[in-house]
>>> print(open('entry.pdb').read())   # PDB, C-alpha atoms, pLDDT in the B column
ATOM      1  CA  MET A   1     -44.356 -40.679  65.857  1.00 39.00           C
ATOM      2  CA  THR A   2     -47.880 -39.402  65.073  1.00 39.00           C
ATOM      3  CA  ASN A   3     -48.645 -36.353  62.979  1.00 38.00           C
ATOM      4  CA  ARG A   4     -50.020 -34.670  66.110  1.00 40.00           C
ATOM      5  CA  THR A   5     -46.854 -35.137  68.124  1.00 41.00           C
ATOM      6  CA  VAL A   6     -44.614 -34.183  65.202  1.00 40.00           C
ATOM      7  CA  LYS A   7     -46.549 -30.940  64.775  1.00 41.00           C
ATOM      8  CA  LYS A   8     -46.270 -30.152  68.509  1.00 43.00           C
ATOM      9  CA  ALA A   9     -42.530 -30.728  68.521  1.00 47.00           C
ATOM     10  CA  ALA A  10     -41.992 -28.943  65.221  1.00 44.00           C
ATOM     11  CA  THR A  11     -43.943 -25.863  66.361  1.00 43.00           C
ATOM     12  CA  ALA A  12     -41.747 -25.361  69.417  1.00 45.00           C
ATOM     13  CA  ILE A  13     -38.517 -25.926  67.497  1.00 45.00           C
ATOM     14  CA  CYS A  14     -39.643 -23.683  64.640  1.00 45.00           C
ATOM     15  CA  ALA A  15     -40.332 -20.809  67.037  1.00 44.00           C
ATOM     16  CA  MET A  16     -36.893 -21.175  68.634  1.00 46.00           C
ATOM     17  CA  ALA A  17     -35.111 -21.423  65.292  1.00 45.00           C
ATOM     18  CA  LEU A  18     -36.872 -18.370  63.875  1.00 43.00           C
ATOM     19  CA  VAL A  19     -35.768 -16.281  66.843  1.00 44.00           C
ATOM     20  CA  ILE A  20     -32.185 -17.415  66.228  1.00 44.00           C
ATOM     21  CA  GLY A  21     -32.407 -16.674  62.515  1.00 44.00           C
ATOM     22  CA  ILE A  22     -34.081 -13.298  62.803  1.00 39.00           C
ATOM     23  CA  THR A  23     -31.840 -11.935  65.538  1.00 42.00           C
ATOM     24  CA  ALA A  24     -28.515 -13.484  64.547  1.00 45.00           C
ATOM     25  CA  CYS A  25     -28.264 -13.071  60.787  1.00 58.00           C
ATOM     26  CA  GLY A  26     -27.394  -9.531  59.821  1.00 47.00           C
ATOM     27  CA  ASN A  27     -25.014  -9.127  56.907  1.00 42.00           C
ATOM     28  CA  GLY A  28     -21.516 -10.347  57.655  1.00 51.00           C
ATOM     29  CA  GLU A  29     -20.050  -8.528  54.660  1.00 52.00           C
ATOM     30  CA  LYS A  30     -21.178  -4.982  55.476  1.00 50.00           C
ATOM     31  CA  SER A  31     -20.634  -2.622  58.367  1.00 45.00           C
ATOM     32  CA  ALA A  32     -23.601  -1.612  60.509  1.00 46.00           C
ATOM     33  CA  GLY A  33     -25.892   0.908  58.819  1.00 53.00           C
ATOM     34  CA  ALA A  34     -24.499   0.302  55.319  1.00 71.00           C
ATOM     35  CA  SER A  35     -27.854  -0.983  54.046  1.00 86.00           C
ATOM     36  CA  GLU A  36     -31.460  -1.283  55.170  1.00 95.00           C
ATOM     37  CA  LEU A  37     -33.554  -4.393  55.665  1.00 96.00           C
ATOM     38  CA  THR A  38     -36.196  -4.582  52.916  1.00 95.00           C
ATOM     39  CA  GLY A  39     -37.698  -8.035  53.525  1.00 96.00           C
ATOM     40  CA  ASN A  40     -37.846 -10.736  56.171  1.00 98.00           C
ATOM     41  CA  TYR A  41     -39.381 -14.071  55.182  1.00 98.00           C
ATOM     42  CA  ALA A  42     -39.886 -17.307  57.138  1.00 98.00           C
ATOM     43  CA  SER A  43     -40.188 -20.811  55.726  1.00 97.00           C
ATOM     44  CA  THR A  44     -42.513 -23.644  56.547  1.00 97.00           C
ATOM     45  CA  THR A  45     -41.056 -26.346  58.818  1.00 95.00           C
ATOM     46  CA  ASN A  46     -39.364 -29.407  57.374  1.00 94.00           C
ATOM     47  CA  VAL A  47     -39.390 -32.692  59.332  1.00 92.00           C
ATOM     48  CA  GLY A  48     -37.028 -35.499  58.379  1.00 90.00           C
ATOM     49  CA  PHE A  49     -36.818 -38.968  59.951  1.00 88.00           C
ATOM     50  CA  ILE A  50     -34.313 -41.786  59.555  1.00 85.00           C
ATOM     51  CA  SER A  51     -34.199 -45.223  61.175  1.00 84.00           C
ATOM     52  CA  ALA A  52     -31.483 -47.874  60.998  1.00 74.00           C
ATOM     53  CA  TYR A  53     -33.849 -50.558  62.343  1.00 76.00           C
ATOM     54  CA  PRO A  54     -33.560 -53.587  62.373  1.00 77.00           C
ATOM     55  CA  GLU A  55     -29.760 -53.540  61.916  1.00 77.00           C
ATOM     56  CA  HIS A  56     -29.427 -50.873  64.605  1.00 71.00           C
ATOM     57  CA  THR A  57     -31.704 -49.168  67.102  1.00 73.00           C
ATOM     58  CA  PHE A  58     -30.618 -45.708  65.991  1.00 74.00           C
ATOM     59  CA  LYS A  59     -33.387 -43.287  65.009  1.00 84.00           C
ATOM     60  CA  GLN A  60     -33.107 -39.592  64.267  1.00 86.00           C
ATOM     61  CA  ALA A  61     -35.592 -36.788  63.665  1.00 88.00           C
ATOM     62  CA  THR A  62     -34.458 -33.526  62.062  1.00 91.00           C
ATOM     63  CA  PHE A  63     -36.489 -30.317  62.249  1.00 94.00           C
ATOM     64  CA  GLY A  64     -35.538 -27.609  59.767  1.00 96.00           C
ATOM     65  CA  VAL A  65     -36.589 -23.999  59.273  1.00 97.00           C
ATOM     66  CA  GLN A  66     -35.245 -21.130  57.158  1.00 97.00           C
ATOM     67  CA  ASN A  67     -35.302 -17.340  57.165  1.00 98.00           C
ATOM     68  CA  ILE A  68     -34.425 -14.966  54.317  1.00 98.00           C
ATOM     69  CA  GLU A  69     -33.497 -11.328  54.861  1.00 98.00           C
ATOM     70  CA  THR A  70     -33.143  -8.986  51.889  1.00 97.00           C
ATOM     71  CA  PHE A  71     -31.366  -5.635  51.947  1.00 97.00           C
ATOM     72  CA  SER A  72     -31.517  -2.335  50.061  1.00 96.00           C
ATOM     73  CA  ASP A  73     -28.190  -2.975  48.315  1.00 96.00           C
ATOM     74  CA  ASN A  74     -29.704  -6.051  46.593  1.00 97.00           C
ATOM     75  CA  THR A  75     -28.054  -8.603  48.870  1.00 97.00           C
ATOM     76  CA  TYR A  76     -29.549 -11.382  50.959  1.00 98.00           C
ATOM     77  CA  CYS A  77     -28.827 -13.494  54.007  1.00 98.00           C
ATOM     78  CA  LEU A  78     -30.482 -16.924  54.123  1.00 97.00           C
ATOM     79  CA  THR A  79     -30.321 -18.624  57.522  1.00 97.00           C
ATOM     80  CA  SER A  80     -30.962 -22.362  57.617  1.00 96.00           C
ATOM     81  CA  THR A  81     -31.376 -24.016  61.024  1.00 96.00           C
ATOM     82  CA  GLU A  82     -31.566 -27.767  61.555  1.00 94.00           C
ATOM     83  CA  THR A  83     -32.117 -29.308  65.003  1.00 93.00           C
ATOM     84  CA  PHE A  84     -31.417 -33.002  65.579  1.00 90.00           C
ATOM     85  CA  TYR A  85     -32.907 -35.502  68.039  1.00 88.00           C
ATOM     86  CA  SER A  86     -32.263 -39.230  68.369  1.00 85.00           C
ATOM     87  CA  GLY A  87     -33.410 -42.016  70.692  1.00 79.00           C
ATOM     88  CA  ALA A  88     -36.792 -43.658  71.111  1.00 74.00           C
ATOM     89  CA  LEU A  89     -38.415 -40.473  69.726  1.00 70.00           C
ATOM     90  CA  GLU A  90     -41.581 -40.983  71.736  1.00 74.00           C
ATOM     91  CA  PHE A  91     -43.695 -37.885  72.417  1.00 71.00           C
ATOM     92  CA  ALA A  92     -46.374 -38.603  75.001  1.00 75.00           C
ATOM     93  CA  ASP A  93     -49.515 -36.499  75.462  1.00 81.00           C
ATOM     94  CA  ASP A  94     -48.483 -35.761  79.059  1.00 81.00           C
ATOM     95  CA  GLY A  95     -45.741 -33.427  77.833  1.00 77.00           C
ATOM     96  CA  LYS A  96     -42.903 -35.831  78.576  1.00 76.00           C
ATOM     97  CA  TYR A  97     -40.665 -37.153  75.832  1.00 73.00           C
ATOM     98  CA  ASP A  98     -37.900 -39.686  75.345  1.00 78.00           C
ATOM     99  CA  VAL A  99     -35.300 -38.149  73.040  1.00 81.00           C
ATOM    100  CA  VAL A 100     -31.592 -37.323  73.028  1.00 81.00           C
ATOM    101  CA  PRO A 101     -30.769 -33.787  71.780  1.00 85.00           C
ATOM    102  CA  ARG A 102     -27.938 -34.031  69.235  1.00 85.00           C
ATOM    103  CA  GLY A 103     -27.347 -30.345  68.672  1.00 87.00           C
ATOM    104  CA  SER A 104     -28.013 -28.193  65.632  1.00 90.00           C
ATOM    105  CA  ASN A 105     -26.568 -26.834  62.404  1.00 91.00           C
ATOM    106  CA  ILE A 106     -27.002 -23.112  61.753  1.00 94.00           C
ATOM    107  CA  ILE A 107     -25.672 -21.847  58.437  1.00 95.00           C
ATOM    108  CA  LYS A 108     -25.959 -18.368  56.938  1.00 97.00           C
ATOM    109  CA  TYR A 109     -25.563 -17.896  53.188  1.00 97.00           C
ATOM    110  CA  TYR A 110     -24.748 -14.466  51.704  1.00 98.00           C
ATOM    111  CA  GLY A 111     -25.146 -13.319  48.111  1.00 97.00           C
ATOM    112  CA  THR A 112     -27.043 -10.984  45.776  1.00 98.00           C
ATOM    113  CA  VAL A 113     -30.764 -11.032  45.065  1.00 98.00           C
ATOM    114  CA  LYS A 114     -33.223  -9.816  42.438  1.00 97.00           C
ATOM    115  CA  GLU A 115     -36.855  -9.376  43.511  1.00 94.00           C
ATOM    116  CA  VAL A 116     -39.977  -9.476  41.333  1.00 94.00           C
ATOM    117  CA  ASP A 117     -43.321  -8.680  43.006  1.00 91.00           C
ATOM    118  CA  GLU A 118     -46.357  -9.796  41.008  1.00 90.00           C
ATOM    119  CA  GLU A 119     -49.946 -10.318  42.184  1.00 86.00           C
ATOM    120  CA  GLY A 120     -49.096 -11.131  45.772  1.00 90.00           C
ATOM    121  CA  LEU A 121     -46.145 -13.388  45.011  1.00 96.00           C
ATOM    122  CA  ILE A 122     -42.551 -12.255  45.391  1.00 96.00           C
ATOM    123  CA  THR A 123     -39.923 -14.123  43.404  1.00 97.00           C
ATOM    124  CA  LEU A 124     -36.477 -13.950  44.982  1.00 97.00           C
ATOM    125  CA  GLU A 125     -33.691 -14.804  42.535  1.00 97.00           C
ATOM    126  CA  LEU A 126     -30.850 -15.754  44.857  1.00 97.00           C
ATOM    127  CA  SER A 127     -27.331 -15.861  43.461  1.00 97.00           C
ATOM    128  CA  LYS A 128     -24.944 -18.642  44.359  1.00 96.00           C
ATOM    129  CA  PRO A 129     -23.645 -17.711  47.835  1.00 97.00           C
ATOM    130  CA  THR A 130     -20.402 -15.744  47.898  1.00 97.00           C
ATOM    131  CA  ALA A 131     -19.835 -16.257  51.636  1.00 97.00           C
ATOM    132  CA  VAL A 132     -20.979 -18.637  54.341  1.00 96.00           C
ATOM    133  CA  ILE A 133     -20.966 -18.456  58.143  1.00 97.00           C
ATOM    134  CA  ALA A 134     -21.866 -21.663  59.976  1.00 94.00           C
ATOM    135  CA  ASN A 135     -21.946 -23.016  63.489  1.00 92.00           C
ATOM    136  CA  SER A 136     -22.518 -26.717  64.120  1.00 88.00           C
ATOM    137  CA  SER A 137     -23.004 -28.363  67.497  1.00 86.00           C
ATOM    138  CA  TYR A 138     -24.343 -31.559  65.918  1.00 79.00           C
ATOM    139  CA  SER A 139     -22.830 -34.641  67.542  1.00 73.00           C
ATOM    140  CA  ALA A 140     -23.633 -38.234  66.606  1.00 60.00           C
ATOM    141  CA  GLY A 141     -20.446 -40.257  66.718  1.00 56.00           C
ATOM    142  CA  ALA A 142     -18.258 -37.343  65.610  1.00 61.00           C
ATOM    143  CA  ASN A 143     -16.917 -34.120  67.075  1.00 65.00           C
ATOM    144  CA  PRO A 144     -18.971 -30.990  66.290  1.00 72.00           C
ATOM    145  CA  ILE A 145     -17.438 -28.776  63.593  1.00 83.00           C
ATOM    146  CA  GLY A 146     -18.115 -25.578  65.531  1.00 89.00           C
ATOM    147  CA  TYR A 147     -17.837 -22.086  64.012  1.00 93.00           C
ATOM    148  CA  VAL A 148     -16.605 -21.480  60.454  1.00 94.00           C
ATOM    149  CA  ASN A 149     -16.553 -18.269  58.407  1.00 97.00           C
ATOM    150  CA  THR A 150     -15.349 -18.178  54.802  1.00 97.00           C
ATOM    151  CA  LYS A 151     -14.526 -14.465  55.164  1.00 96.00           C
ATOM    152  CA  GLU A 152     -12.314 -15.003  58.205  1.00 96.00           C
ATOM    153  CA  TRP A 153     -10.879 -18.449  57.515  1.00 97.00           C
ATOM    154  CA  THR A 154      -8.345 -20.126  59.806  1.00 95.00           C
ATOM    155  CA  ASP A 155      -6.314 -23.324  59.643  1.00 95.00           C
ATOM    156  CA  GLU A 156      -8.407 -24.706  62.513  1.00 93.00           C
ATOM    157  CA  MET A 157     -11.596 -24.197  60.507  1.00 94.00           C
ATOM    158  CA  GLY A 158     -10.097 -25.976  57.522  1.00 95.00           C
ATOM    159  CA  THR A 159      -9.124 -28.958  59.656  1.00 92.00           C
ATOM    160  CA  ALA A 160     -12.559 -29.121  61.299  1.00 90.00           C
ATOM    161  CA  VAL A 161     -14.531 -29.175  58.047  1.00 91.00           C
ATOM    162  CA  GLY A 162     -12.039 -31.573  56.455  1.00 90.00           C
ATOM    163  CA  GLY A 163     -12.973 -34.258  58.970  1.00 85.00           C
ATOM    164  CA  GLU A 164     -10.906 -37.400  58.471  1.00 85.00           C
ATOM    165  CA  GLY A 165      -9.640 -36.079  55.128  1.00 91.00           C
ATOM    166  CA  PRO A 166      -7.272 -33.219  54.337  1.00 94.00           C
ATOM    167  CA  ALA A 167      -7.967 -29.706  55.557  1.00 94.00           C
ATOM    168  CA  LEU A 168     -10.051 -27.525  53.243  1.00 95.00           C
ATOM    169  CA  SER A 169      -9.488 -23.968  52.130  1.00 96.00           C
ATOM    170  CA  ALA A 170     -12.268 -21.397  52.440  1.00 96.00           C
ATOM    171  CA  GLU A 171     -12.859 -21.646  48.688  1.00 96.00           C
ATOM    172  CA  GLU A 172     -13.112 -25.444  48.807  1.00 96.00           C
ATOM    173  CA  TYR A 173     -15.545 -25.368  51.724  1.00 94.00           C
ATOM    174  CA  LEU A 174     -17.692 -22.692  50.067  1.00 96.00           C
ATOM    175  CA  GLU A 175     -17.847 -24.740  46.866  1.00 94.00           C
ATOM    176  CA  ALA A 176     -18.875 -27.811  48.877  1.00 93.00           C
ATOM    177  CA  VAL A 177     -21.811 -26.126  50.665  1.00 93.00           C
ATOM    178  CA  ALA A 178     -22.974 -23.285  48.383  1.00 95.00           C
ATOM    179  CA  PHE A 179     -26.154 -23.979  46.439  1.00 95.00           C
ATOM    180  CA  PRO A 180     -26.548 -22.928  42.764  1.00 95.00           C
ATOM    181  CA  GLU A 181     -28.551 -19.862  41.764  1.00 95.00           C
ATOM    182  CA  ASN A 182     -32.081 -20.487  42.969  1.00 94.00           C
ATOM    183  CA  SER A 183     -35.584 -18.989  42.853  1.00 95.00           C
ATOM    184  CA  ILE A 184     -37.721 -18.741  45.979  1.00 96.00           C
ATOM    185  CA  ILE A 185     -41.431 -17.907  45.757  1.00 96.00           C
ATOM    186  CA  VAL A 186     -42.707 -15.894  48.730  1.00 97.00           C
ATOM    187  CA  ASP A 187     -46.359 -15.429  49.691  1.00 97.00           C
ATOM    188  CA  ALA A 188     -46.376 -11.664  50.235  1.00 95.00           C
ATOM    189  CA  ALA A 189     -49.498 -11.763  52.424  1.00 95.00           C
ATOM    190  CA  LYS A 190     -47.815 -14.102  54.910  1.00 95.00           C
ATOM    191  CA  ASP A 191     -44.143 -13.232  54.280  1.00 96.00           C
ATOM    192  CA  SER A 192     -43.531 -16.983  54.015  1.00 97.00           C
ATOM    193  CA  PHE A 193     -42.192 -19.567  51.591  1.00 97.00           C
ATOM    194  CA  ASP A 194     -41.941 -23.345  51.324  1.00 97.00           C
ATOM    195  CA  TYR A 195     -38.866 -24.859  52.946  1.00 97.00           C
ATOM    196  CA  VAL A 196     -36.147 -25.560  50.390  1.00 94.00           C
ATOM    197  CA  VAL A 197     -33.604 -28.373  50.690  1.00 91.00           C
ATOM    198  CA  LEU A 198     -30.317 -26.664  49.789  1.00 89.00           C
ATOM    199  CA  THR A 199     -27.385 -28.658  48.443  1.00 87.00           C
ATOM    200  CA  ALA A 200     -24.382 -27.898  46.269  1.00 85.00           C
ATOM    201  CA  ASP A 201     -26.059 -29.969  43.523  1.00 81.00           C
ATOM    202  CA  GLY A 202     -29.299 -28.036  43.533  1.00 68.00           C
ATOM    203  CA  ALA A 203     -32.379 -27.183  45.594  1.00 63.00           C
ATOM    204  CA  THR A 204     -35.739 -28.864  46.019  1.00 69.00           C
ATOM    205  CA  THR A 205     -38.894 -27.589  47.701  1.00 67.00           C
ATOM    206  CA  ASN A 206     -40.530 -29.665  50.427  1.00 64.00           C
TER     207      ASN A 206
END
>>> encode(input="entry.pdb", output="structure tokens")
Amino acid sequence: MTNRTVKKAATAICAMALVIGITACGNGEKSAGASELTGNYASTTNVGFISAYPEHTFKQATFGVQNIETFSDNTYCLTSTETFYSGALEFADDGKYDVVPRGSNIIKYYGTVKEVDEEGLITLELSKPTAVIANSSYSAGANPIGYVNTKEWTDEMGTAVGGEGPALSAEEYLEAVAFPENSIIVDAAKDSFDYVVLTADGATTN
């Protein structure tokens, strides 16, 4: 996959993911009108690629984008969207492509935030998430997890995220996916920040 074709594919996916993030986030812990939106920031696009060749013919490209909304009550909602494609992963200049869509993971993290604005850079100090809402349609040899919400947990959600192991409680799932307290640097002129790889062990900027 050339840089040119990756950029073309990433641009289209980024635009779609940002629309999802901006329109679908909101704050799942507050009623409508309880707080006002104070910031809306979009990340750069992250492109990941894995190949099992020569043992297997499996290849997968992952396109990721993030959106952070901040609110007047010092809370945030960070939406992370990953879209997966596998197959030959060939993007021809004629607009045709040979890929297999594998679905997406959309996860919304909720917590508190402290903001420091200095010389055109905004530092967002994000707390460890206190709630998570996710929806996964990703399918590559396993059933999609579907919708989960740590604030409205059900036995079915616990079984889905437990996979082949025991069912998880909302607290166990939150602990497994919530990232530690983290700082995000936003370019105030562009309302943008570098994509951050979020894991329960920490976060790294790509």
>>> residues_around(input="entry.pdb", residues="range 99-113 of chain A", least_positions_apart="6", cutoff="8 Å", atoms="all atoms listed in the file", output="ChimeraX atom specification")
/A:25,27-28,70,74-90,124-140,178
>>> closest_residue(input="entry.pdb", among="A:Gln60, A:Thr123, A:Thr45, A:Ser35", to="Tyr195 in chain A", atoms="all atoms listed in the file")
A:Thr45
>>> closest_residue(input="entry.pdb", among="A:Val148, A:Asp201, A:Gly64, A:Ser51", to="Pro180 in chain A", atoms="all atoms listed in the file")
A:Asp201
>>> resolve_selection(input="entry.pdb", expression="the PyMOL selection byres ((chain A and resi 158) around 9)", output="ChimeraX atom specification")
/A:148,153-157,159-163,166-170,173
>>> residues_around(input="entry.pdb", residues="Ser72 in chain A", least_positions_apart="5", cutoff="8 Å", atoms="all atoms listed in the file", output="VMD selection string")
chain A and resid 35 to 38
>>> atom_distance(input="entry.pdb", atom1="CA of Leu198 in chain A", atom2="CA of Gly146 in chain A")
19.9 Å
>>> closest_residue(input="entry.pdb", among="A:Ala176, A:Ala92, A:Ala188, A:Ala61", to="Ile122 in chain A", atoms="only C-alpha atoms")
A:Ala188
>>> residues_around(input="entry.pdb", residues="Tyr41 in chain A", least_positions_apart="2", cutoff="6 Å", atoms="all atoms listed in the file", output="list in words")
Asn67, Ile68, Asp191 and Ser192 of chain A
>>> atom_distance(input="entry.pdb", atom1="CA of Glu69 in chain A", atom2="CA of Glu171 in chain A")
23.9 Å
>>> atom_distance(input="entry.pdb", atom1="CA of Asn40 in chain A", atom2="CA of Pro144 in chain A")
29.5 Å
>>> decode(input="entry.pdb", residues="range 44-65 of chain A", atoms="N, CA, C and O atoms", output="PDB file, in the first residue's frame")
ATOM      1  N   THR A  44      -5.423  13.788  14.635  1.00  0.00           N
ATOM      2  CA  THR A  44      -4.880  13.331  13.369  1.00  0.00           C
ATOM      3  C   THR A  44      -5.332  11.887  13.160  1.00  0.00           C
ATOM      4  O   THR A  44      -5.902  11.268  14.059  1.00  0.00           O
ATOM      5  N   THR A  45      -5.092  11.341  11.973  1.00  0.00           N
ATOM      6  CA  THR A  45      -5.508   9.972  11.667  1.00  0.00           C
ATOM      7  C   THR A  45      -4.358   9.007  11.919  1.00  0.00           C
ATOM      8  O   THR A  45      -3.211   9.274  11.558  1.00  0.00           O
ATOM      9  N   ASN A  46      -4.683   7.891  12.544  1.00  0.00           N
ATOM     10  CA  ASN A  46      -3.693   6.846  12.785  1.00  0.00           C
ATOM     11  C   ASN A  46      -3.957   5.681  11.830  1.00  0.00           C
ATOM     12  O   ASN A  46      -5.100   5.258  11.656  1.00  0.00           O
ATOM     13  N   VAL A  47      -2.911   5.179  11.181  1.00  0.00           N
ATOM     14  CA  VAL A  47      -3.025   4.038  10.275  1.00  0.00           C
ATOM     15  C   VAL A  47      -2.134   2.916  10.785  1.00  0.00           C
ATOM     16  O   VAL A  47      -0.933   3.099  10.970  1.00  0.00           O
ATOM     17  N   GLY A  48      -2.754   1.768  11.052  1.00  0.00           N
ATOM     18  CA  GLY A  48      -2.012   0.594  11.492  1.00  0.00           C
ATOM     19  C   GLY A  48      -2.137  -0.522  10.469  1.00  0.00           C
ATOM     20  O   GLY A  48      -3.159  -0.641   9.784  1.00  0.00           O
ATOM     21  N   PHE A  49      -1.092  -1.346  10.339  1.00  0.00           N
ATOM     22  CA  PHE A  49      -1.113  -2.433   9.353  1.00  0.00           C
ATOM     23  C   PHE A  49      -0.451  -3.669   9.948  1.00  0.00           C
ATOM     24  O   PHE A  49       0.614  -3.575  10.568  1.00  0.00           O
ATOM     25  N   ILE A  50      -1.111  -4.812   9.801  1.00  0.00           N
ATOM     26  CA  ILE A  50      -0.522  -6.074  10.229  1.00  0.00           C
ATOM     27  C   ILE A  50      -0.621  -7.081   9.089  1.00  0.00           C
ATOM     28  O   ILE A  50      -1.535  -7.043   8.280  1.00  0.00           O
ATOM     29  N   SER A  51       0.373  -7.979   9.019  1.00  0.00           N
ATOM     30  CA  SER A  51       0.377  -9.025   8.009  1.00  0.00           C
ATOM     31  C   SER A  51       0.903 -10.309   8.634  1.00  0.00           C
ATOM     32  O   SER A  51       1.895 -10.282   9.370  1.00  0.00           O
ATOM     33  N   ALA A  52       0.213 -11.405   8.385  1.00  0.00           N
ATOM     34  CA  ALA A  52       0.626 -12.711   8.895  1.00  0.00           C
ATOM     35  C   ALA A  52       1.440 -13.485   7.859  1.00  0.00           C
ATOM     36  O   ALA A  52       1.755 -14.653   8.059  1.00  0.00           O
ATOM     37  N   TYR A  53       1.767 -12.837   6.735  1.00  0.00           N
ATOM     38  CA  TYR A  53       2.538 -13.479   5.675  1.00  0.00           C
ATOM     39  C   TYR A  53       3.954 -13.792   6.177  1.00  0.00           C
ATOM     40  O   TYR A  53       4.526 -12.991   6.922  1.00  0.00           O
ATOM     41  N   PRO A  54       4.584 -14.954   5.850  1.00  0.00           N
ATOM     42  CA  PRO A  54       4.120 -15.953   4.879  1.00  0.00           C
ATOM     43  C   PRO A  54       3.320 -17.116   5.494  1.00  0.00           C
ATOM     44  O   PRO A  54       2.841 -17.970   4.766  1.00  0.00           O
ATOM     45  N   GLU A  55       3.178 -17.135   6.838  1.00  0.00           N
ATOM     46  CA  GLU A  55       2.431 -18.239   7.444  1.00  0.00           C
ATOM     47  C   GLU A  55       0.981 -18.244   6.997  1.00  0.00           C
ATOM     48  O   GLU A  55       0.376 -19.286   6.776  1.00  0.00           O
ATOM     49  N   HIS A  56       0.401 -17.051   6.866  1.00  0.00           N
ATOM     50  CA  HIS A  56      -0.986 -16.908   6.441  1.00  0.00           C
ATOM     51  C   HIS A  56      -1.084 -15.770   5.432  1.00  0.00           C
ATOM     52  O   HIS A  56      -0.150 -14.967   5.294  1.00  0.00           O
ATOM     53  N   THR A  57      -2.191 -15.706   4.742  1.00  0.00           N
ATOM     54  CA  THR A  57      -2.386 -14.622   3.770  1.00  0.00           C
ATOM     55  C   THR A  57      -3.137 -13.438   4.374  1.00  0.00           C
ATOM     56  O   THR A  57      -3.413 -12.465   3.692  1.00  0.00           O
ATOM     57  N   PHE A  58      -3.438 -13.528   5.657  1.00  0.00           N
ATOM     58  CA  PHE A  58      -4.237 -12.501   6.311  1.00  0.00           C
ATOM     59  C   PHE A  58      -3.470 -11.186   6.437  1.00  0.00           C
ATOM     60  O   PHE A  58      -2.336 -11.142   6.892  1.00  0.00           O
ATOM     61  N   LYS A  59      -4.106 -10.101   6.014  1.00  0.00           N
ATOM     62  CA  LYS A  59      -3.591  -8.751   6.195  1.00  0.00           C
ATOM     63  C   LYS A  59      -4.716  -7.881   6.739  1.00  0.00           C
ATOM     64  O   LYS A  59      -5.890  -8.114   6.432  1.00  0.00           O
ATOM     65  N   GLN A  60      -4.362  -6.903   7.538  1.00  0.00           N
ATOM     66  CA  GLN A  60      -5.397  -6.008   8.064  1.00  0.00           C
ATOM     67  C   GLN A  60      -4.863  -4.589   8.205  1.00  0.00           C
ATOM     68  O   GLN A  60      -3.756  -4.385   8.699  1.00  0.00           O
ATOM     69  N   ALA A  61      -5.661  -3.633   7.755  1.00  0.00           N
ATOM     70  CA  ALA A  61      -5.359  -2.215   7.945  1.00  0.00           C
ATOM     71  C   ALA A  61      -6.390  -1.628   8.900  1.00  0.00           C
ATOM     72  O   ALA A  61      -7.589  -1.915   8.788  1.00  0.00           O
ATOM     73  N   THR A  62      -5.928  -0.822   9.844  1.00  0.00           N
ATOM     74  CA  THR A  62      -6.808  -0.188  10.824  1.00  0.00           C
ATOM     75  C   THR A  62      -6.641   1.326  10.733  1.00  0.00           C
ATOM     76  O   THR A  62      -5.521   1.838  10.796  1.00  0.00           O
ATOM     77  N   PHE A  63      -7.747   2.030  10.565  1.00  0.00           N
ATOM     78  CA  PHE A  63      -7.738   3.485  10.501  1.00  0.00           C
ATOM     79  C   PHE A  63      -8.404   4.017  11.768  1.00  0.00           C
ATOM     80  O   PHE A  63      -9.540   3.655  12.082  1.00  0.00           O
ATOM     81  N   GLY A  64      -7.688   4.862  12.501  1.00  0.00           N
ATOM     82  CA  GLY A  64      -8.215   5.366  13.762  1.00  0.00           C
ATOM     83  C   GLY A  64      -8.273   6.881  13.806  1.00  0.00           C
ATOM     84  O   GLY A  64      -7.409   7.574  13.249  1.00  0.00           O
ATOM     85  N   VAL A  65      -9.302   7.402  14.448  1.00  0.00           N
ATOM     86  CA  VAL A  65      -9.447   8.841  14.645  1.00  0.00           C
ATOM     87  C   VAL A  65     -10.152   9.069  15.977  1.00  0.00           C
ATOM     88  O   VAL A  65     -10.902   8.213  16.453  1.00  0.00           O
TER      89      VAL A  65
END
